[in-house]
Structure formats: C-alpha cells, structure tokens
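**Q** My questions will all concern the structure given below.
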Amino acid sequence: MDTLSPFAYRIKKLELLNSEDFVFAENLIKNVDIRDSGMVIIEAGLLQESIFFVQEGWAVRYKTLEDGNRQIVNFVLPGDIIGMFSPIFQHSEHTVESISPMKLGSFPASQLIEIFRDAPRLALALAWMAGQDERILEEQIVRIGRRRSAKRMAHLFIELYRRLRLCGYTREQAIILPVNQLLLSDALGLSHIHTHRVFRELENHQLIERFPGRIVLQNLAVLASMADFDESYLEPISFAKTSFAL
C-alpha cells in the first residue's frame, strides 16, 4: 500500500490538485469513524447527514426487495466516497453495510456546497469520482444482464482487483478479496447453487482459491481474458493533458 491514503492516491493521478487542495481535503475528513463488519453506514429511507471517505475496509451498496432478498449494486472499496449526493436528496434510496472492519473519514453533508464554492479543483475531482461510480454501475448492468455466469464472476473479480490497484494497493494485496459465495450471489444475480457451481468451475481451472471469508485470485491474465475485460472505464484521466483548466 502506498503511503498516501487511498483517496489521495486516486485523485493525485488526475494531476489536477495543488498542495493547498490536498491540505484542504485532509482537513475536511479529520473526523474518523471506525465500523465493525456488518454495520449499516447508510440506511435506505433515512436522511443522511454525513459524507464518508473510505480509508480502510469494504462495504456493499444494496437495495432490498419486497420479499426480503437484496441486490448488491456495487462494492465500496478504500478510496471510495459514500453518500456524495446526500445534500441533493431528502433520503437515501439504498443501504450501505460494511463487510469488513472499516475506517471512515467524514464531514457534514451540509459542507458539500462550500467545497464546490471554495475548492473548485477538489470539487471537480469529486465530480470525476462520481462519474467513475456511474461507469462502474453501467458495467454492473451489462455484467448481470448479458454476460454468462462464469464470465460475469471473472469480470467482477478483475474489476475489484483493478479498483484496488488504482487506489494504491500492491498486486499481492489486491488479489485477496474479502468476499464469499453469499455476497457474490447477491451481486451477480445468481442463485446460491449456481454461484457454487461457478466457483467450482473457476477453482477447477485454478483461477481462484477459496478460504473462509475471502477469495484469492490466482491467474489474473486468464481471468481477464475469460471476462473480455476492458479496463478503459476505470483508468483515471490526467487533467494536465487536457485543455480543461481552473
């Protein structure tokens, strides 16, 4: 892991912020919130008063159906923001729950307007991150809607690996995913039985190895090839190489 925080590592690659912007960002998220695994960070239907920056740990963002089942729409990783648009809406439409111990930086949601006014470069970086979330959700729609079972699981594994690498994790750290069969079933729209079959298929090809509460990716190149993975939707741009300037 790089010495920079996952959030700082991500936005540094944009080549947009100056030293004052980074100081502003660090001061913004001085409040630290520690959450154990299985804790609700945002609850659907309720007003959200804080915006969170994930410094350590994983969470899932999901919608609960009428029959009690849930659809995980995204995994929340280090370097991500939780509740970016909370000041715009009256309540959350989804729930965010930790799946590992987490360390969160936070600031009051009411401060977001001040950030856009007083730190426009940082505001643009936050808007870029929100755009990245939208791209990831687009891939999730395609993944569960059109890809066959083994391909959709392989695609998700490589996406999670790449997201971890882009926020500063080493290859050895990024190949260990704190997910299990239940989480993947809810994320990929597969029954538990079908998910187990896909697991066995990937294990038999020595592409993954399962342990209690985690999965280790063993052959990234073959997984990416199986998934027809195109990482362009995840790669950060450099504002220094564009005509955009603030």
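The chains in the structure tokens are called A, B, ... from first to last as shown; in each chain the residues are counted from 1, and the ligands are counted from 1 in the order shown.
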So that I can check the surroundings of Leu183 in chain A, please list as a PDB file with C-alpha atoms, in the first residue's frame every protein, DNA and RNA residue that reaches within 9 Å of it, counting only C-alpha atoms and ignoring chain neighbours fewer than 4 positions away.
**A**
ATOM      1  CA  VAL A  60     -21.656  -3.229  -0.091  1.00  0.00           C
ATOM      2  CA  ILE A  72     -25.898  -5.656  -4.350  1.00  0.00           C
ATOM      3  CA  VAL A 179     -15.999 -11.758  -0.355  1.00  0.00           C
ATOM      4  CA  ALA A 187     -24.029  -9.091  -6.520  1.00  0.00           C
ATOM      5  CA  LEU A 188     -24.251 -11.212  -9.669  1.00  0.00           C
TER       6      LEU A 188
END
**Q** As a PyMOL selection string, list the residues of range 17-219 of chain A assigned to helix (DSSP H, G or I) by DSSP on the backbone atoms of this structure.
**A** chain A and resi 19-28+109-118+120-146+149-166+171-174+181-188+192-204
**Q** Using only C-alpha atoms, which of the listed residues (A:Ile115, A:Met102, A:Cys167, A:Ala240) sits closest to Glu56 in chain A?
**A**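 Ranking A:Ile115, A:Met102, A:Cys167, A:Ala240 by distance to Glu56 in chain A, first place goes to A:Met102.
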**Q** Kindly indicate which residue among A:Gln218, A:Ser37, A:Ser238, A:Ser191 lies nearest to Asn204 in chain A, using only C-alpha atoms for the distances.
**A**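 Between A:Gln218, A:Ser37, A:Ser238, A:Ser191, the residue approaching Asn204 in chain A most closely is A:Gln218.
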**Q** Where does DSSP see strand (DSSP E or B) in range 54-173 of chain A, if you list the residues as number ranges by chain?
**A** A: 54-56, 59-64, 70-76, 81-82, 95-98, 102-108
**Q** Considering only C-alpha atoms, give me a table of residues in range 13-121 of chain A that are at most 10 Å from range 155-163 of chain A, with the closest atom pair and distance in Å for each, as a Markdown table.
**A**
| residue | atom | partner | partner_atom | distance |
| --- | --- | --- | --- | --- |
| A:Phe75 | CA | A:Leu160 | CA | 8.2 |
| A:Val76 | CA | A:Leu160 | CA | 9.7 |
| A:Leu77 | CA | A:Arg163 | CA | 7.9 |
| A:Pro78 | CA | A:Arg163 | CA | 9.0 |
| A:Gly79 | CA | A:Arg163 | CA | 9.1 |
| A:Asp80 | CA | A:Arg163 | CA | 9.7 |
**Q** Suppose you want the space between CA of Ile136 in chain A and CA of Met153 in chain A; what is it in Å?
**A**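 It comes out at 14.7 Å.
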